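J.: Below are the structure tokens for one structure; questions will follow.
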Amino acid sequence: MATVEYKHIGKAFGAFTIMRDISFLIEDHEFVVLLGPSGCGKTTLLRMTAGLESVTAGDLMISGRRVNDVHPRDRDIAMVFQNYALYPTMKVYENIAFSLEVAKLPPAEIKRRVEHAAEILNLTPYLQRYPKELSGGQRQRVAMGRAMVREAAVFLFDEPLSNLDAKLRAHMRTEIRQLHNRLKTTTIYVTHDQIEAMTMADKIVVMRAGKIEQIGTPDDVYDRPASKYVADFIGSSAINFLGGVVVADQGVPAAQTSAGLIRLDPALKVSVGQKVICGIRPTDVLVDPNGSVAARSLLIERMGHEAQLCCQGPEGQFLAIVDKSARFDEGAEVRFSVASEKVHVFDAATEDRI
Ligand code: ATP
């Protein structure tokens, strides 16, 4: 059993508080991604979990034990760093074995664990090579092997894929997730890449300026973003935002925006006159000559299986995923319709989901 619980965690560097009142629970076997832009505090939270940074408020619990003052070595965690931190003068075998040798495990046990990890990670043919003789993906696997052999209760990953090219990143994402499916070690993974978060996480913790903005499954944060910030951060194509005022359209709530009338879900708790922001994903916009939303076509980006139509809306860029064979004249007005249940509605003042 390995759980990690943050209870009202805060962090100050000197007089400067960068994190306040972080509370959530990571369950046994869970793969949790801490997601947010640069500077939101995700790395600091991970380093506090590892014991590489002090906790200045609250209680940090690993498997029910308060570890605020426990040495990193005694926390039963293993961390994989962004730069892998491999020893260049040691062969792969020695790199993977190093922490076990420091811990003075019996040689036979060290051999067993290294060979087992190498087998799982497809590193057996490379055990006698030096890190410089490996590809980026292989080095990444060695770094994971070093964490694995420690048989720690919790794995911590700090942006482990950011040094790899796009194709290898996609491949390693799958490998790390498959490894997790096999080992089921409780994992905390830091990234600013929403695709990594969406594809790997059981649960995503979206952070903003030292606070938690939303915690949920990838589907939760995509389908029901708790705020405009989360809606903006999650999704491969940028979500469209249109500001408006709530009106009653034949007894049904709608938002009057500068691009047109957008019908809202009748179950929403909005009142006439209320200022809102409608968030509409490009995948939820339908080209429809009778649609109530209008924008001007700028250009179409073809992406093989589909195409993205970039328009000039009254509030800036407006994107729609369209059929790849569709043709639009530059500057022509295009009309769109949006199903009311696909509109994410945020309060204009708080930017929280309504
Ligand atoms: P990145 O993806 O760029 O690493 P992050 O979300 O991981 O960003 P942190 O590195 O955790 O963010 O930093 C959070 C905040 O804490 C930032 O404002 C940063 O400037 C500040 N910070 C981090 N380390 C220190 C330090 N040692 N002293 C003072 N401030 C720090």
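Chain labels A, B, ... are given in the sequence in which chains occur in the structure tokens; within each chain residues are numbered consecutively from 1, and ligands are likewise numbered from 1 in the order shown.
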Using 10 Å as the limit and counting only C-alpha atoms and all ligand atoms, can you tabulate each residue of chain A that touches ligand 1, with its shortest atom-to-atom distance in Å and the two atoms involved, as a tab-separated table?
T.:
residue	atom	partner	partner_atom_place_in_ligand_line	distance
A:Lys11	CA	ligand 1	16 (O)	8.6
A:Ala12	CA	ligand 1	30 (N)	8.0
A:Phe13	CA	ligand 1	29 (C)	5.0
A:Gly14	CA	ligand 1	29 (C)	7.6
A:Ala15	CA	ligand 1	29 (C)	9.5
A:Phe16	CA	ligand 1	30 (N)	7.4
A:Thr17	CA	ligand 1	16 (O)	8.2
A:Ile18	CA	ligand 1	16 (O)	5.4
A:Met19	CA	ligand 1	15 (C)	8.0
A:Leu34	CA	ligand 1	6 (O)	8.9
A:Leu35	CA	ligand 1	6 (O)	8.0
A:Gly36	CA	ligand 1	6 (O)	6.1
A:Pro37	CA	ligand 1	6 (O)	5.8
A:Ser38	CA	ligand 1	3 (O)	3.6
A:Gly39	CA	ligand 1	12 (O)	3.4
A:Cys40	CA	ligand 1	6 (O)	3.8
A:Gly41	CA	ligand 1	11 (O)	3.2
A:Lys42	CA	ligand 1	7 (O)	4.2
A:Thr43	CA	ligand 1	7 (O)	3.5
A:Thr44	CA	ligand 1	11 (O)	3.6
A:Leu45	CA	ligand 1	11 (O)	6.4
A:Leu46	CA	ligand 1	11 (O)	8.0
A:Arg47	CA	ligand 1	11 (O)	8.2
A:Met48	CA	ligand 1	11 (O)	9.6
A:Glu53	CA	ligand 1	27 (N)	8.6
A:Asp158	CA	ligand 1	7 (O)	8.5
A:Glu159	CA	ligand 1	2 (O)	8.0
A:Val190	CA	ligand 1	7 (O)	7.6
A:Thr191	CA	ligand 1	2 (O)	7.0
A:His192	CA	ligand 1	2 (O)	6.2
A:Asp193	CA	ligand 1	2 (O)	9.7
A:Met207	CA	ligand 1	6 (O)	8.0
A:Arg208	CA	ligand 1	6 (O)	8.3
A:Ala209	CA	ligand 1	14 (C)	7.6
A:Gly210	CA	ligand 1	14 (C)	7.0
J.: Take the residues from that selection and put them in a file with C-alpha atoms, as a compact mmCIF listing (two decimals), in the first residue's frame.
T.:
# COMPACT_ATOMS: atom_id res chain seq x y z
CA LYS A 11 5.68 26.58 0.73
CA ALA A 12 7.61 29.77 1.30
CA PHE A 13 11.06 30.65 0.06
CA GLY A 14 12.13 33.13 2.73
CA ALA A 15 9.44 35.79 2.92
CA PHE A 16 7.98 34.79 -0.43
CA THR A 17 5.05 32.35 -0.27
CA ILE A 18 4.64 30.45 -3.53
CA MET A 19 2.12 27.79 -2.45
CA LEU A 34 0.66 17.50 -11.78
CA LEU A 35 -0.06 19.80 -14.72
CA GLY A 36 0.41 23.51 -15.14
CA PRO A 37 2.42 26.22 -16.85
CA SER A 38 5.97 27.16 -15.92
CA GLY A 39 6.18 28.65 -12.44
CA CYS A 40 2.88 27.24 -11.08
CA GLY A 41 4.74 25.23 -8.42
CA LYS A 42 4.46 21.66 -9.69
CA THR A 43 8.19 20.92 -9.52
CA THR A 44 8.40 22.40 -6.04
CA LEU A 45 5.53 20.18 -4.87
CA LEU A 46 7.26 17.13 -6.34
CA ARG A 47 10.59 18.08 -4.75
CA MET A 48 8.85 18.55 -1.40
CA GLU A 53 12.77 20.81 -0.59
CA ASP A 158 9.95 15.39 -13.12
CA GLU A 159 9.22 16.20 -16.79
CA VAL A 190 5.06 16.49 -13.38
CA THR A 191 4.57 18.04 -16.80
CA HIS A 192 3.43 21.21 -18.52
CA ASP A 193 2.32 19.14 -21.53
CA MET A 207 -2.20 23.85 -10.85
CA ARG A 208 -2.19 27.60 -11.15
CA ALA A 209 0.07 30.01 -9.27
CA GLY A 210 0.70 27.70 -6.30
J.: Which residue is closest to Ala307 in chain A? Choose from A:Ser237, A:Thr217, A:Gln82, A:Asn290 and count only C-alpha atoms.
T.: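 Using only C-alpha atoms, the shortest distance to Ala307 in chain A belongs to A:Ser237.
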J.: Would you pick out the contacts of range 123-134 of chain A at 10 Å or less, using only C-alpha atoms, so that residues sharing its chain but fewer than 2 positions from it are not included, and give the list as a PDB file with C-alpha atoms, in the first residue's frame?
T.:
ATOM      1  CA  LEU A  86      23.086   9.244 -15.231  1.00  0.00           C
ATOM      2  CA  TYR A  87      26.726   8.814 -14.272  1.00  0.00           C
ATOM      3  CA  PRO A  88      28.657   9.193 -17.552  1.00  0.00           C
ATOM      4  CA  THR A  89      31.658   7.133 -16.401  1.00  0.00           C
ATOM      5  CA  MET A  90      29.546   4.154 -15.364  1.00  0.00           C
ATOM      6  CA  LYS A  91      28.098   1.524 -17.657  1.00  0.00           C
ATOM      7  CA  VAL A  92      24.342   1.010 -17.776  1.00  0.00           C
ATOM      8  CA  TYR A  93      24.544  -1.935 -15.376  1.00  0.00           C
ATOM      9  CA  GLU A  94      26.493   0.103 -12.828  1.00  0.00           C
ATOM     10  CA  ASN A  95      24.193   3.084 -13.223  1.00  0.00           C
ATOM     11  CA  ILE A  96      21.173   0.941 -12.446  1.00  0.00           C
ATOM     12  CA  VAL A 114      19.195  -5.101 -12.258  1.00  0.00           C
ATOM     13  CA  GLU A 115      18.635  -7.975 -14.668  1.00  0.00           C
ATOM     14  CA  HIS A 116      14.915  -8.022 -13.923  1.00  0.00           C
ATOM     15  CA  ALA A 117      14.593  -4.258 -14.530  1.00  0.00           C
ATOM     16  CA  ALA A 118      16.705  -4.490 -17.692  1.00  0.00           C
ATOM     17  CA  GLU A 119      14.447  -7.209 -19.016  1.00  0.00           C
ATOM     18  CA  ILE A 120      11.250  -5.266 -18.365  1.00  0.00           C
ATOM     19  CA  LEU A 121      12.740  -2.123 -19.895  1.00  0.00           C
ATOM     20  CA  GLY A 136      17.688   9.494 -25.716  1.00  0.00           C
ATOM     21  CA  GLY A 137      14.916   6.949 -25.227  1.00  0.00           C
ATOM     22  CA  GLN A 138      17.350   4.306 -23.972  1.00  0.00           C
ATOM     23  CA  ARG A 139      18.868   6.771 -21.496  1.00  0.00           C
ATOM     24  CA  GLN A 140      15.366   7.542 -20.315  1.00  0.00           C
ATOM     25  CA  ARG A 141      14.802   3.847 -19.717  1.00  0.00           C
ATOM     26  CA  VAL A 142      18.038   3.566 -17.741  1.00  0.00           C
ATOM     27  CA  GLY A 145      15.582   1.308 -14.281  1.00  0.00           C
TER      28      GLY A 145
END
J.: Mind checking DSSP for range 79-243 of chain A and telling me the strand (DSSP E or B) residues as a PyMOL selection string?
T.: chain A and resi 79-80+154-158+186-191+203-208+211-216+227+240-243
J.: To one decimal place, how far is CA of Lys269 in chain A from CA of Gly235 in chain A in Å?
T.: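 That distance, rounded to one decimal, is 25.4 Å.
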J.: Can you pull out every residue within 6 Å of Val345 in chain A, counting only C-alpha atoms, but drop anything in the same chain fewer than 4 positions away, and send it as an mmCIF file with N, CA and C atoms, in the first residue's frame?
T.:
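Ended up saving to selection_6.cif:
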data_model
loop_
_atom_site.group_PDB
_atom_site.id
_atom_site.type_symbol
_atom_site.label_atom_id
_atom_site.label_comp_id
_atom_site.auth_asym_id
_atom_site.auth_seq_id
_atom_site.Cartn_x
_atom_site.Cartn_y
_atom_site.Cartn_z
ATOM 1 N N ILE A 277 -18.899 33.903 -20.122
ATOM 2 C CA ILE A 277 -17.957 33.601 -21.217
ATOM 3 C C ILE A 277 -18.313 32.198 -21.698
ATOM 4 N N CYS A 278 -18.541 32.071 -22.994
ATOM 5 C CA CYS A 278 -18.840 30.746 -23.555
ATOM 6 C C CYS A 278 -17.544 30.163 -24.118
ATOM 7 N N ARG A 353 -16.625 27.894 -13.703
ATOM 8 C CA ARG A 353 -17.696 27.239 -14.456
ATOM 9 C C ARG A 353 -19.046 27.463 -13.766
ATOM 10 N N ILE A 354 -20.063 27.701 -14.592
ATOM 11 C CA ILE A 354 -21.414 27.838 -14.030
ATOM 12 C C ILE A 354 -22.098 26.494 -14.165
#
J.: Near Asn240 in chain A, within 12 Å and counting only C-alpha atoms, which residues show up once chain neighbours fewer than 3 positions away are dropped, as a PyMOL selection string?
T.: chain A and resi 228+231-233+235+237+243+259+277-285+295+310-321+338+342-345
J.: Would you put the residues from that selection into a file with N, CA and C atoms, as a compact mmCIF listing (two decimals), in the first residue's frame?
T.:
# COMPACT_ATOMS: atom_id res chain seq x y z
N LYS A 228 -12.26 28.80 -16.70
CA LYS A 228 -11.79 29.20 -18.03
C LYS A 228 -10.32 28.82 -18.18
N ALA A 231 -10.11 25.16 -19.03
CA ALA A 231 -10.60 24.95 -20.40
C ALA A 231 -9.55 25.39 -21.42
N ASP A 232 -8.86 26.45 -21.10
CA ASP A 232 -7.84 27.00 -21.98
C ASP A 232 -6.61 26.09 -22.03
N PHE A 233 -6.29 25.48 -20.91
CA PHE A 233 -5.06 24.69 -20.79
C PHE A 233 -5.21 23.31 -21.40
N GLY A 235 -6.76 20.45 -24.01
CA GLY A 235 -7.29 20.36 -25.38
C GLY A 235 -6.20 20.65 -26.39
N SER A 237 -6.43 21.61 -29.68
CA SER A 237 -6.62 22.89 -30.37
C SER A 237 -7.15 23.88 -29.34
N GLY A 243 -17.39 36.17 -25.17
CA GLY A 243 -18.06 36.82 -24.05
C GLY A 243 -19.50 37.16 -24.43
N ALA A 259 -20.48 37.40 -31.69
CA ALA A 259 -20.47 36.53 -32.87
C ALA A 259 -21.85 35.95 -33.16
N ILE A 277 -18.90 33.90 -20.12
CA ILE A 277 -17.96 33.60 -21.22
C ILE A 277 -18.31 32.20 -21.70
N CYS A 278 -18.54 32.07 -22.99
CA CYS A 278 -18.84 30.75 -23.56
C CYS A 278 -17.54 30.16 -24.12
N GLY A 279 -17.23 28.94 -23.68
CA GLY A 279 -16.07 28.25 -24.22
C GLY A 279 -16.55 27.14 -25.15
N ILE A 280 -16.06 27.15 -26.37
CA ILE A 280 -16.52 26.15 -27.35
C ILE A 280 -15.29 25.53 -28.01
N ARG A 281 -15.16 24.22 -27.88
CA ARG A 281 -14.00 23.56 -28.48
C ARG A 281 -14.14 23.51 -30.00
N PRO A 282 -13.03 23.66 -30.73
CA PRO A 282 -13.09 23.63 -32.20
C PRO A 282 -13.74 22.35 -32.74
N THR A 283 -13.63 21.26 -31.98
CA THR A 283 -14.25 20.00 -32.42
C THR A 283 -15.77 20.02 -32.24
N ASP A 284 -16.29 20.97 -31.48
CA ASP A 284 -17.74 21.02 -31.21
C ASP A 284 -18.45 22.09 -32.04
N VAL A 285 -17.71 22.69 -32.97
CA VAL A 285 -18.29 23.73 -33.83
C VAL A 285 -18.67 23.09 -35.15
N ALA A 295 -18.32 34.05 -38.35
CA ALA A 295 -16.92 34.52 -38.31
C ALA A 295 -16.42 34.56 -39.75
N CYS A 310 -9.34 28.34 -39.59
CA CYS A 310 -9.03 29.47 -38.70
C CYS A 310 -9.83 30.66 -39.20
N CYS A 311 -10.63 31.22 -38.33
CA CYS A 311 -11.46 32.36 -38.71
C CYS A 311 -11.12 33.57 -37.86
N GLN A 312 -11.54 34.72 -38.37
CA GLN A 312 -11.45 35.94 -37.57
C GLN A 312 -12.83 36.15 -36.96
N GLY A 313 -12.90 35.99 -35.64
CA GLY A 313 -14.16 36.26 -34.96
C GLY A 313 -14.12 37.66 -34.41
N PRO A 314 -15.22 38.15 -33.88
CA PRO A 314 -15.22 39.51 -33.32
C PRO A 314 -14.29 39.66 -32.13
N GLU A 315 -13.97 38.54 -31.46
CA GLU A 315 -13.07 38.64 -30.30
C GLU A 315 -11.74 37.96 -30.56
N GLY A 316 -11.34 37.94 -31.82
CA GLY A 316 -10.07 37.31 -32.16
C GLY A 316 -10.28 36.01 -32.90
N GLN A 317 -9.26 35.15 -32.83
CA GLN A 317 -9.29 33.93 -33.62
C GLN A 317 -10.43 33.00 -33.20
N PHE A 318 -11.07 32.37 -34.18
CA PHE A 318 -12.12 31.41 -33.91
C PHE A 318 -11.81 30.16 -34.74
N LEU A 319 -11.66 29.02 -34.07
CA LEU A 319 -11.21 27.81 -34.76
C LEU A 319 -12.33 26.79 -34.86
N ALA A 320 -12.33 26.05 -35.97
CA ALA A 320 -13.30 24.97 -36.14
C ALA A 320 -12.61 23.80 -36.84
N ILE A 321 -12.83 22.60 -36.34
CA ILE A 321 -12.34 21.41 -37.04
C ILE A 321 -13.39 21.05 -38.09
N VAL A 338 -23.67 25.35 -32.67
CA VAL A 338 -23.05 24.64 -31.56
C VAL A 338 -24.17 24.04 -30.71
N LYS A 342 -22.68 21.39 -25.52
CA LYS A 342 -21.23 21.45 -25.77
C LYS A 342 -20.63 22.79 -25.36
N VAL A 343 -21.49 23.71 -24.91
CA VAL A 343 -20.98 25.04 -24.55
C VAL A 343 -20.57 25.03 -23.08
N HIS A 344 -19.31 25.37 -22.83
CA HIS A 344 -18.83 25.50 -21.45
C HIS A 344 -19.07 26.95 -21.04
N VAL A 345 -19.83 27.13 -19.98
CA VAL A 345 -20.20 28.50 -19.61
C VAL A 345 -19.50 28.90 -18.31
J.: At what distance in Å, to one decimal, does CA of Ala197 in chain A lie from CA of Asp76 in chain A?
T.: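 Here the two named atoms are 24.3 Å from each other.
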J.: Find the residues near Ile188 in chain A: any atom within 8 Å, counting only C-alpha atoms, skip ones fewer than 6 places away on the same chain, and give them as JSON, numbers by chain.
T.: {"A": [31, 32, 33, 34, 46, 154, 155, 156, 157]}
J.: Determine which residues of range 81-327 of chain A DSSP labels as helix (DSSP H, G or I) from the backbone of this structure, then write them out as number ranges by chain.
T.: A: 92-102, 107-120, 124-126, 131-133, 136-149, 166-183, 194-200, 218-223, 228-233, 282-284
J.: Just write the chosen residues, C-alpha atoms, as a JSON list (two decimals), in the first residue's frame.
T.:
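Below is the file out-v1.json, written as the result:
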[["chain", "number", "residue", "atom", "x", "y", "z"],
["A", 92, "VAL", "CA", 24.34, 1.01, -17.78],
["A", 93, "TYR", "CA", 24.54, -1.94, -15.38],
["A", 94, "GLU", "CA", 26.49, 0.10, -12.83],
["A", 95, "ASN", "CA", 24.19, 3.08, -13.22],
["A", 96, "ILE", "CA", 21.17, 0.94, -12.45],
["A", 97, "ALA", "CA", 22.94, -0.92, -9.61],
["A", 98, "PHE", "CA", 24.46, 2.14, -7.97],
["A", 99, "SER", "CA", 21.85, 2.94, -5.34],
["A", 100, "LEU", "CA", 21.66, -0.72, -4.34],
["A", 101, "GLU", "CA", 25.42, -0.87, -3.90],
["A", 102, "VAL", "CA", 25.33, 2.25, -1.75],
["A", 107, "PRO", "CA", 25.60, -8.82, -4.76],
["A", 108, "ALA", "CA", 23.27, -11.64, -5.85],
["A", 109, "GLU", "CA", 20.21, -9.55, -4.99],
["A", 110, "ILE", "CA", 21.64, -6.55, -6.86],
["A", 111, "LYS", "CA", 22.23, -8.71, -9.93],
["A", 112, "ARG", "CA", 18.73, -10.14, -9.76],
["A", 113, "ARG", "CA", 17.08, -6.73, -9.52],
["A", 114, "VAL", "CA", 19.20, -5.10, -12.26],
["A", 115, "GLU", "CA", 18.64, -7.97, -14.67],
["A", 116, "HIS", "CA", 14.91, -8.02, -13.92],
["A", 117, "ALA", "CA", 14.59, -4.26, -14.53],
["A", 118, "ALA", "CA", 16.71, -4.49, -17.69],
["A", 119, "GLU", "CA", 14.45, -7.21, -19.02],
["A", 120, "ILE", "CA", 11.25, -5.27, -18.37],
["A", 124, "THR", "CA", 19.42, -6.25, -21.53],
["A", 125, "PRO", "CA", 21.53, -5.77, -24.71],
["A", 126, "TYR", "CA", 22.81, -2.41, -23.46],
["A", 131, "PRO", "CA", 25.24, 6.39, -21.35],
["A", 132, "LYS", "CA", 26.83, 8.33, -24.23],
["A", 133, "GLU", "CA", 26.47, 5.20, -26.40],
["A", 136, "GLY", "CA", 17.69, 9.49, -25.72],
["A", 137, "GLY", "CA", 14.92, 6.95, -25.23],
["A", 138, "GLN", "CA", 17.35, 4.31, -23.97],
["A", 139, "ARG", "CA", 18.87, 6.77, -21.50],
["A", 140, "GLN", "CA", 15.37, 7.54, -20.32],
["A", 141, "ARG", "CA", 14.80, 3.85, -19.72],
["A", 142, "VAL", "CA", 18.04, 3.57, -17.74],
["A", 143, "ALA", "CA", 16.83, 6.41, -15.54],
["A", 144, "MET", "CA", 13.59, 4.47, -15.00],
["A", 145, "GLY", "CA", 15.58, 1.31, -14.28],
["A", 146, "ARG", "CA", 17.43, 3.11, -11.52],
["A", 147, "ALA", "CA", 14.12, 4.03, -9.94],
["A", 148, "MET", "CA", 12.64, 0.57, -10.46],
["A", 149, "VAL", "CA", 15.41, -1.46, -8.78],
["A", 166, "ALA", "CA", 8.15, 14.59, -30.54],
["A", 167, "LYS", "CA", 8.04, 11.06, -31.91],
["A", 168, "LEU", "CA", 10.12, 9.56, -29.11],
["A", 169, "ARG", "CA", 8.06, 11.44, -26.54],
["A", 170, "ALA", "CA", 4.91, 9.82, -27.85],
["A", 171, "HIS", "CA", 6.60, 6.42, -27.75],
["A", 172, "MET", "CA", 7.98, 6.87, -24.22],
["A", 173, "ARG", "CA", 4.57, 8.05, -22.99],
["A", 174, "THR", "CA", 3.17, 4.69, -23.95],
["A", 175, "GLU", "CA", 6.15, 2.85, -22.44],
["A", 176, "ILE", "CA", 5.91, 4.63, -19.10],
["A", 177, "ARG", "CA", 2.19, 4.04, -18.93],
["A", 178, "GLN", "CA", 2.59, 0.36, -19.86],
["A", 179, "LEU", "CA", 5.25, 0.02, -17.21],
["A", 180, "HIS", "CA", 2.84, 1.50, -14.71],
["A", 181, "ASN", "CA", 0.08, -0.89, -15.77],
["A", 182, "ARG", "CA", 2.52, -3.71, -15.06],
["A", 183, "LEU", "CA", 4.17, -2.54, -11.84],
["A", 194, "GLN", "CA", -1.44, 18.60, -21.50],
["A", 195, "ILE", "CA", -1.18, 15.75, -24.02],
["A", 196, "GLU", "CA", 1.11, 13.82, -21.64],
["A", 197, "ALA", "CA", -1.34, 14.47, -18.84],
["A", 198, "MET", "CA", -4.39, 13.44, -20.87],
["A", 199, "THR", "CA", -2.83, 10.26, -22.23],
["A", 200, "MET", "CA", -1.09, 8.99, -19.10],
["A", 218, "PRO", "CA", -8.71, 13.33, -18.02],
["A", 219, "ASP", "CA", -12.38, 13.13, -19.08],
["A", 220, "ASP", "CA", -13.48, 15.32, -16.15],
["A", 221, "VAL", "CA", -11.06, 18.13, -16.94],
["A", 222, "TYR", "CA", -11.80, 17.97, -20.67],
["A", 223, "ASP", "CA", -15.58, 17.60, -20.49],
["A", 228, "LYS", "CA", -11.79, 29.20, -18.03],
["A", 229, "TYR", "CA", -8.14, 28.62, -17.10],
["A", 230, "VAL", "CA", -8.55, 24.82, -17.18],
["A", 231, "ALA", "CA", -10.60, 24.95, -20.40],
["A", 232, "ASP", "CA", -7.84, 27.00, -21.98],
["A", 233, "PHE", "CA", -5.06, 24.69, -20.79],
["A", 282, "PRO", "CA", -13.09, 23.63, -32.20],
["A", 283, "THR", "CA", -14.25, 20.00, -32.42],
["A", 284, "ASP", "CA", -17.74, 21.02, -31.21]]
J.: Near Ile26 in chain A, within 8 Å and counting only C-alpha atoms, which residues show up once chain neighbours fewer than 4 positions away are dropped, as a ChimeraX atom specification?
T.: /A:3-5,30,32,186
J.: Write the residues of the preceding selection, restricted to C-alpha atoms, as a JSON list (two decimals), in the first residue's frame.
T.:
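Below is the file that was written, selection_38.json:
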[["chain", "number", "residue", "atom", "x", "y", "z"],
["A", 3, "THR", "CA", -0.63, 6.56, -0.69],
["A", 4, "VAL", "CA", 0.53, 10.16, -0.72],
["A", 5, "GLU", "CA", -1.54, 12.77, 1.03],
["A", 30, "GLU", "CA", -2.69, 5.72, -8.93],
["A", 32, "VAL", "CA", -1.32, 11.23, -10.92],
["A", 186, "THR", "CA", 1.90, 4.78, -7.14]]
J.: Which is closest to Ala153 in chain A among A:Val287, A:Ile204, A:Met1, A:Leu25, if we use only C-alpha atoms?
T.: A:Met1
J.: Choose the residue, out of A:Ile212, A:Val70, A:Val80, A:Met303, that has the smallest atom-to-atom separation from Gly10 in chain A; count only C-alpha atoms.
T.: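 Distance minimum relative to Gly10 in chain A lands on A:Ile212.
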J.: How many Å separate CA of Ser162 in chain A from CA of Ala201 in chain A?
T.: 16.9 Å
J.: Which one is closest to Val272 in chain A: A:Met79, A:Leu60, A:Ala255, A:Leu286? Count only C-alpha atoms.
T.: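 Counting only C-alpha atoms, the residue closest to Val272 in chain A is A:Ala255.
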